[in-house]
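Visitor: Below you will find the structure I want to go over with you.
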Number of protein chains: 2
Amino acid sequence: MGKLTAQAIAERALEIGDAEGLDAVTIRRLAGELGVTPMALYWHYKNKDQLLAGMADHLISGFAPGAADERPWQEQLRDLMVGLIRALRGHPCARNVFDHVDQVTVPSFLAVWNQALGLGRSAGFSVEESCLISKYLLQSAIAIADAPAHHREGQEVAERVRVKRLGLQTLSADTYPYIVEMAGPLAGGLDPELYDTFGVDLVLAGIEALAARRLESSP
Amino acid sequence: MGKLTAQAIAERALEIGDAEGLDAVTIRRLAGELGVTPMALYWHYKNKDQLLAGMADHLISGFAPGAADERPWQEQLRDLMVGLIRALRGHPCARNVFDHVDQVTVPSFLAVWNQALGLGRSAGFSVEESCLISKYLLQSAIAIADAPAHHREGQEVAERVRVKRLGLQTLSADTYPYIVEMAGPLAGGLDPELYDTFGVDLVLAGIEALAARRLESSP
DNA sequence: ACCTGAACACCGTTCAAGT
DNA sequence: ACCTGAACACCGTTCAAGT
């Protein structure tokens with residue numbers, strides 16, 4: 001089979017993480033599946049944090065944002081967001097990976113971030129505001145990509161949703177009336193289409209609204 | 001000293017997590033600090049996940065949202081968000097805790113969530129939309145509360161920000177021009193005031209904009 | 001009800017050594 | 001350059017036993 005390379009290790013780690021959760025991604029387990037000694041991995045990654053960063057980089061590596069063009073910034077920001085979501089979709093452990101990683105050490109993520117920063121600036125936001133907007137947009141994209149509604153519609157995930165819904169429905173309807181009422185959608189039974197469009201719309205609507213406020217206060 | 005109770009254990013765990021990071025919160029370490037055998041903790045929490053849920057619950061327990069009143073929903077949603085942010089502020093490990101916990105198992109979090117759901121409904125959003133909005137608002141609040149700008153202004157955190165900024169500044173200015181330019185604010189050197197107000201404004205502006213769109217499309 | 005002691009099956013990582 | 005072997009200092013958790 002293929003040679004043992006940093007890339008191959010990260011890919012295998014993602015397979016394990018997607019299938020069994022990030023906790024199952026262990027140096028020893030990973031080495032075992034790759035038919036190698038645990039220490040072999042330390043040649044390619046100097047520790048587990050670096051491996052996680054490698055996984056994060058691999059997750060985004062397929063999505064290189066094109067150079068900024070002449071279209072309105074709203075459109076480009078939306079493309080960036082849906083592109084990122086699409087790249088992370090199908091990797092259930094993606095969000096978990098990014099939670100454990102210092103995003104500043106992930107080159108492909110920095111590339112996307114850089115693009116978002118530029119678009120924020122061109123929308124008329126200050127340096128500080130652009131930082132906040134971009135952080136917020138990227139974080140929201142990661143969260144949206146993590147929608148349970150989209151994870152491979154396996155039998156066992158449907159079962160987990162069912163259990164979760166039942167758990168919510170059996171809560172006290174006096175103290176948590178709305179939770180009980182909306183147990184179905186809350187547990188993950190949402191329309192995937194709506195989840196994506198609505199989430200992206202929400203983020204972009206907020207950014208656009210603040211951009212408009214900026215313009216009217218300092219014309 | 002105080003008796004060994006689930007509450008006391010969660011408090012001590014939060015102290016460790018806030019001071020040294022969540023990884024330092026270990027059953028054995030925690031038991032040691034409490035002057036007790038590791039197994040003693042298993043009487044109060046049946047496993048570590050339950051302990052983390054207890055920590056999450058303790059984080060929010062100080063913030064009980066008042067019943068919904070007659071004020072406009074925008075105002076109440078804002079109060080809910082800033083209240084949650086204030087409750088989590090000063091607990092650097094809060095975000096990490098919530099990342100590891102199934103939020104549905106945290107009663108005090110469910111109470112806040114329930115409130116947000118109700119306000120979403122009263123804003124005219126559908127059941128599904130209210131679910132998405134509330135999830136999004138709560139998640140954003142947790143992220144905003146985690147602002148590095150707010151963590152106890154200790155010497156060592158200032159040093160970490162400096163190192164991070166330098167790391168960003170020494171990146172290739174060709175591939176990441178905006179990142180390099182905005183290294184300062186990106187590394188965490190933002191005005192705390194701006195961070196909060198702008199973040200909350202962003203989320204609420206998005207929600208309000210979508211509420212307005214709903215009204216005009218189905219009057 | 002509340003806690004201890006000993007044991008099990010794991011971790012990440014270092015360090016010296018092999019080829 | 002790339003990988004192995006043995007060892008260290010940890011983990012979470014179970015299970016039987018104490019009071």
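Please note that chains go A, B, ... in the order of the structure tokens, that every chain numbers its residues from 1, and that ligands are numbered from 1 in the order shown.
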If we count only C-alpha atoms (C1' of nucleotides), which residues of chain B reach to within 12 Å of chain D? Please list them as a ChimeraX atom specification.
Guide: /B:23-29,38-39,41-42,46-49
Visitor: Pick out the chain B residues within 8 Å of chain A. Count only C-alpha atoms. Give them as a PyMOL selection string.
Guide: chain B and resi 99+104+110-111+113-115+117-118+127-129+131-132+168+175-179+182+185-186+190+195+198-199+201-207+209-210
Visitor: Could you write out the selected residues, including N, CA and C atoms, as a short mmCIF file (atom, residue, chain, number, x, y, z; two decimals), in the first residue's frame?
Guide:
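Writing done, so here's part_19.cif:
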```cif
data_model
loop_
_atom_site.label_atom_id
_atom_site.label_comp_id
_atom_site.auth_asym_id
_atom_site.auth_seq_id
_atom_site.Cartn_x
_atom_site.Cartn_y
_atom_site.Cartn_z
N ASP B 99 -18.06 22.70 24.61
CA ASP B 99 -17.72 21.91 23.42
C ASP B 99 -17.73 20.42 23.72
N VAL B 104 -27.92 19.35 25.77
CA VAL B 104 -29.27 18.95 26.11
C VAL B 104 -29.35 18.33 27.50
N LEU B 110 -30.65 24.49 29.29
CA LEU B 110 -31.97 24.27 28.69
C LEU B 110 -32.93 25.40 29.04
N ALA B 111 -32.79 25.92 30.25
CA ALA B 111 -33.68 27.02 30.66
C ALA B 111 -33.44 28.24 29.78
N TRP B 113 -32.10 28.24 26.83
CA TRP B 113 -32.49 27.85 25.47
C TRP B 113 -34.02 27.97 25.29
N ASN B 114 -34.72 27.50 26.30
CA ASN B 114 -36.18 27.56 26.25
C ASN B 114 -36.65 29.00 26.08
N GLN B 115 -36.03 29.87 26.84
CA GLN B 115 -36.37 31.29 26.75
C GLN B 115 -36.11 31.83 25.35
N LEU B 117 -36.01 30.19 22.59
CA LEU B 117 -36.98 29.59 21.67
C LEU B 117 -38.29 30.36 21.69
N GLY B 118 -38.76 30.66 22.90
CA GLY B 118 -40.01 31.39 23.03
C GLY B 118 -39.93 32.76 22.38
N VAL B 127 -41.26 27.28 13.83
CA VAL B 127 -40.64 26.38 14.79
C VAL B 127 -39.20 26.05 14.38
N GLU B 128 -39.03 25.67 13.13
CA GLU B 128 -37.70 25.28 12.67
C GLU B 128 -36.74 26.48 12.71
N GLU B 129 -37.23 27.60 12.25
CA GLU B 129 -36.38 28.80 12.26
C GLU B 129 -35.99 29.19 13.68
N CYS B 131 -35.59 27.27 16.17
CA CYS B 131 -34.54 26.35 16.63
C CYS B 131 -33.17 26.81 16.15
N LEU B 132 -33.11 27.15 14.87
CA LEU B 132 -31.82 27.56 14.31
C LEU B 132 -31.35 28.86 14.93
N LEU B 168 2.02 35.66 13.45
CA LEU B 168 1.22 36.10 12.30
C LEU B 168 1.99 37.08 11.43
N THR B 175 1.14 35.71 0.43
CA THR B 175 0.00 34.79 0.41
C THR B 175 -1.07 35.20 1.42
N TYR B 176 -0.67 35.84 2.53
CA TYR B 176 -1.65 36.24 3.54
C TYR B 176 -1.54 37.74 3.84
N PRO B 177 -1.74 38.60 2.86
CA PRO B 177 -1.51 40.04 3.08
C PRO B 177 -2.36 40.62 4.22
N TYR B 178 -3.64 40.29 4.24
CA TYR B 178 -4.51 40.89 5.25
C TYR B 178 -4.22 40.34 6.63
N ILE B 179 -3.89 39.06 6.70
CA ILE B 179 -3.55 38.47 7.99
C ILE B 179 -2.36 39.20 8.59
N MET B 182 -3.25 42.74 9.74
CA MET B 182 -4.14 42.85 10.90
C MET B 182 -3.69 41.94 12.03
N PRO B 185 -4.76 43.08 15.98
CA PRO B 185 -6.13 42.77 16.43
C PRO B 185 -6.45 41.27 16.36
N LEU B 186 -5.98 40.60 15.34
CA LEU B 186 -6.26 39.17 15.19
C LEU B 186 -5.74 38.36 16.37
N LEU B 190 -7.80 43.39 20.81
CA LEU B 190 -8.95 44.21 20.42
C LEU B 190 -9.50 44.93 21.63
N TYR B 195 -15.50 44.44 21.14
CA TYR B 195 -15.69 43.00 20.93
C TYR B 195 -17.10 42.58 21.33
N PHE B 198 -20.09 44.86 19.39
CA PHE B 198 -20.14 44.56 17.96
C PHE B 198 -20.60 43.13 17.72
N GLY B 199 -20.11 42.21 18.52
CA GLY B 199 -20.52 40.82 18.34
C GLY B 199 -22.01 40.63 18.58
N ASP B 201 -24.31 42.96 18.49
CA ASP B 201 -25.03 43.69 17.44
C ASP B 201 -25.13 42.88 16.16
N LEU B 202 -24.03 42.22 15.83
CA LEU B 202 -23.97 41.45 14.59
C LEU B 202 -25.03 40.35 14.59
N VAL B 203 -25.08 39.61 15.68
CA VAL B 203 -26.03 38.50 15.77
C VAL B 203 -27.47 39.01 15.74
N LEU B 204 -27.73 40.04 16.54
CA LEU B 204 -29.10 40.54 16.61
C LEU B 204 -29.53 41.22 15.33
N ALA B 205 -28.60 41.91 14.69
CA ALA B 205 -28.93 42.56 13.42
C ALA B 205 -29.36 41.52 12.39
N GLY B 206 -28.66 40.39 12.39
CA GLY B 206 -29.03 39.32 11.47
C GLY B 206 -30.42 38.78 11.74
N ILE B 207 -30.69 38.55 12.99
CA ILE B 207 -32.01 38.01 13.37
C ILE B 207 -33.11 39.00 13.01
N ALA B 209 -33.04 41.36 10.77
CA ALA B 209 -33.18 41.50 9.32
C ALA B 209 -34.02 40.37 8.75
N LEU B 210 -33.77 39.17 9.23
CA LEU B 210 -34.55 38.04 8.71
C LEU B 210 -36.00 38.11 9.17
#
```
Visitor: Taking the chain letters and numbering used in this document, name the residues of chain B that DSSP puts in helix (DSSP H, G or I), as a ChimeraX atom specification.
Guide: /B:6-20,22-24,27-33,38-44,48-61,73-88,94-100,103-105,107-122,127-145,148-150,155-169,177-181,183-186,192-217
Visitor: So what do you get for CA of Met55 in chain A versus CA of Ala141 in chain A, distance-wise?
Guide: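 Taking CA of Met55 in chain A as the start and CA of Ala141 in chain A as the end point, the length is 17.6 Å.
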Visitor: What does the structure give for the distance between CA of Gly2 in chain A and CA of His58 in chain A, in Å to one decimal?
Guide: 17.3 Å
Visitor: One decimal, Å: what's the distance from CA of Pro92 in chain A over to CA of Ala13 in chain B, could you say?
Guide: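 Atom-to-atom, CA of Pro92 in chain A to CA of Ala13 in chain B, that is 28.9 Å.
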Visitor: I'd like the contact shell of Ala10 in chain B - 10 Å cut-off, only C-alpha atoms (C1' of nucleotides), skipping same-chain residues fewer than 2 positions apart - returned as a VMD selection string.
Guide: chain B and resid 5 to 8 12 to 16 30 45 51 to 59
Visitor: Given the selection you just returned, output its residues as a file containing all heavy atoms, formatted as a compact mmCIF listing (two decimals), in the first residue's frame.
Guide:
```txt
# COMPACT_ATOMS: atom_id res chain seq x y z
N THR B 5 -19.24 17.43 47.90
CA THR B 5 -20.55 17.38 47.27
C THR B 5 -20.38 17.62 45.77
O THR B 5 -19.36 18.16 45.33
CB THR B 5 -21.49 18.44 47.88
OG1 THR B 5 -22.50 18.76 46.95
CG2 THR B 5 -20.73 19.70 48.20
N ALA B 6 -21.36 17.20 44.98
CA ALA B 6 -21.27 17.36 43.53
C ALA B 6 -20.97 18.81 43.17
O ALA B 6 -20.15 19.09 42.28
CB ALA B 6 -22.58 16.91 42.88
N GLN B 7 -21.62 19.71 43.86
CA GLN B 7 -21.43 21.14 43.63
C GLN B 7 -19.98 21.56 43.89
O GLN B 7 -19.36 22.25 43.08
CB GLN B 7 -22.37 21.89 44.58
CG GLN B 7 -22.05 23.35 44.77
CD GLN B 7 -23.14 24.25 44.21
OE1 GLN B 7 -23.95 23.82 43.39
NE2 GLN B 7 -23.15 25.48 44.66
N ALA B 8 -19.45 21.14 45.04
CA ALA B 8 -18.09 21.51 45.40
C ALA B 8 -17.08 20.93 44.41
O ALA B 8 -16.08 21.58 44.06
CB ALA B 8 -17.78 21.01 46.82
N ARG B 12 -14.50 23.17 42.08
CA ARG B 12 -13.06 22.97 42.08
C ARG B 12 -12.54 22.63 40.68
O ARG B 12 -11.49 23.09 40.26
CB ARG B 12 -12.72 21.81 43.04
CG ARG B 12 -11.26 21.64 43.31
CD ARG B 12 -10.75 22.74 44.20
NE ARG B 12 -9.37 22.50 44.61
CZ ARG B 12 -8.82 23.09 45.65
NH1 ARG B 12 -9.51 23.97 46.35
NH2 ARG B 12 -7.57 22.85 45.97
N ALA B 13 -13.31 21.84 39.96
CA ALA B 13 -12.94 21.48 38.60
C ALA B 13 -12.86 22.72 37.71
O ALA B 13 -11.95 22.87 36.89
CB ALA B 13 -13.93 20.48 38.02
N LEU B 14 -13.80 23.64 37.92
CA LEU B 14 -13.79 24.87 37.13
C LEU B 14 -12.57 25.73 37.47
O LEU B 14 -11.98 26.34 36.59
CB LEU B 14 -15.08 25.66 37.37
CG LEU B 14 -16.29 25.15 36.59
CD1 LEU B 14 -17.55 25.90 37.01
CD2 LEU B 14 -16.06 25.30 35.09
N GLU B 15 -12.22 25.75 38.74
CA GLU B 15 -11.03 26.51 39.14
C GLU B 15 -9.79 26.00 38.41
O GLU B 15 -9.00 26.78 37.88
CB GLU B 15 -10.81 26.42 40.66
CG GLU B 15 -11.78 27.28 41.46
CD GLU B 15 -11.62 27.03 42.97
OE1 GLU B 15 -10.51 26.63 43.37
OE2 GLU B 15 -12.60 27.24 43.71
N ILE B 16 -9.66 24.68 38.40
CA ILE B 16 -8.51 24.09 37.72
C ILE B 16 -8.57 24.40 36.23
O ILE B 16 -7.58 24.83 35.63
CB ILE B 16 -8.47 22.56 37.94
CG1 ILE B 16 -8.32 22.24 39.43
CG2 ILE B 16 -7.32 21.94 37.15
CD1 ILE B 16 -8.39 20.75 39.74
N LEU B 30 -8.10 16.12 40.31
CA LEU B 30 -9.20 16.74 41.05
C LEU B 30 -9.37 16.09 42.42
O LEU B 30 -9.48 16.78 43.44
CB LEU B 30 -10.47 16.60 40.21
CG LEU B 30 -11.74 17.31 40.66
CD1 LEU B 30 -11.48 18.79 40.84
CD2 LEU B 30 -12.84 17.08 39.63
N TYR B 45 -20.47 11.69 40.52
CA TYR B 45 -20.69 11.72 39.06
C TYR B 45 -20.34 10.34 38.52
O TYR B 45 -19.25 9.83 38.77
CB TYR B 45 -19.80 12.77 38.41
CG TYR B 45 -20.10 14.18 38.83
CD1 TYR B 45 -19.34 14.84 39.79
CD2 TYR B 45 -21.17 14.87 38.26
CE1 TYR B 45 -19.62 16.14 40.18
CE2 TYR B 45 -21.46 16.17 38.64
CZ TYR B 45 -20.68 16.79 39.60
OH TYR B 45 -20.97 18.07 39.97
N LEU B 51 -19.38 14.76 34.95
CA LEU B 51 -18.69 15.83 35.66
C LEU B 51 -18.64 17.09 34.80
O LEU B 51 -18.91 18.20 35.26
CB LEU B 51 -17.27 15.40 36.03
CG LEU B 51 -16.35 16.52 36.52
CD1 LEU B 51 -16.87 17.13 37.82
CD2 LEU B 51 -14.93 16.01 36.71
N LEU B 52 -18.32 16.91 33.53
CA LEU B 52 -18.27 18.06 32.63
C LEU B 52 -19.65 18.72 32.51
O LEU B 52 -19.76 19.94 32.49
CB LEU B 52 -17.78 17.61 31.24
CG LEU B 52 -16.28 17.34 31.19
CD1 LEU B 52 -15.90 16.57 29.93
CD2 LEU B 52 -15.49 18.65 31.25
N ALA B 53 -20.68 17.90 32.45
CA ALA B 53 -22.04 18.44 32.41
C ALA B 53 -22.31 19.25 33.69
O ALA B 53 -22.94 20.31 33.65
CB ALA B 53 -23.05 17.32 32.25
N GLY B 54 -21.84 18.73 34.80
CA GLY B 54 -21.99 19.44 36.06
C GLY B 54 -21.27 20.77 36.05
O GLY B 54 -21.77 21.77 36.56
N MET B 55 -20.09 20.79 35.46
CA MET B 55 -19.34 22.04 35.34
C MET B 55 -20.12 23.04 34.48
O MET B 55 -20.24 24.21 34.82
CB MET B 55 -17.97 21.77 34.72
CG MET B 55 -17.03 20.96 35.59
SD MET B 55 -15.55 20.40 34.70
CE MET B 55 -14.67 21.95 34.48
N ALA B 56 -20.65 22.55 33.36
CA ALA B 56 -21.42 23.42 32.47
C ALA B 56 -22.63 23.99 33.20
O ALA B 56 -22.94 25.18 33.10
CB ALA B 56 -21.86 22.65 31.23
N ASP B 57 -23.30 23.13 33.94
CA ASP B 57 -24.49 23.57 34.66
C ASP B 57 -24.12 24.64 35.69
O ASP B 57 -24.82 25.64 35.83
CB ASP B 57 -25.15 22.37 35.36
CG ASP B 57 -26.58 22.68 35.76
OD1 ASP B 57 -27.35 23.10 34.88
OD2 ASP B 57 -26.91 22.53 36.95
N HIS B 58 -23.01 24.42 36.36
CA HIS B 58 -22.57 25.38 37.37
C HIS B 58 -22.22 26.73 36.74
O HIS B 58 -22.42 27.78 37.33
CB HIS B 58 -21.37 24.83 38.14
CG HIS B 58 -21.01 25.63 39.34
ND1 HIS B 58 -21.73 25.55 40.51
CD2 HIS B 58 -20.03 26.53 39.55
CE1 HIS B 58 -21.19 26.38 41.40
NE2 HIS B 58 -20.15 26.97 40.84
N LEU B 59 -21.70 26.68 35.53
CA LEU B 59 -21.32 27.91 34.84
C LEU B 59 -22.52 28.82 34.61
O LEU B 59 -22.42 30.04 34.69
CB LEU B 59 -20.67 27.58 33.49
CG LEU B 59 -19.19 27.21 33.52
CD1 LEU B 59 -18.75 26.65 32.18
CD2 LEU B 59 -18.36 28.41 33.91
```
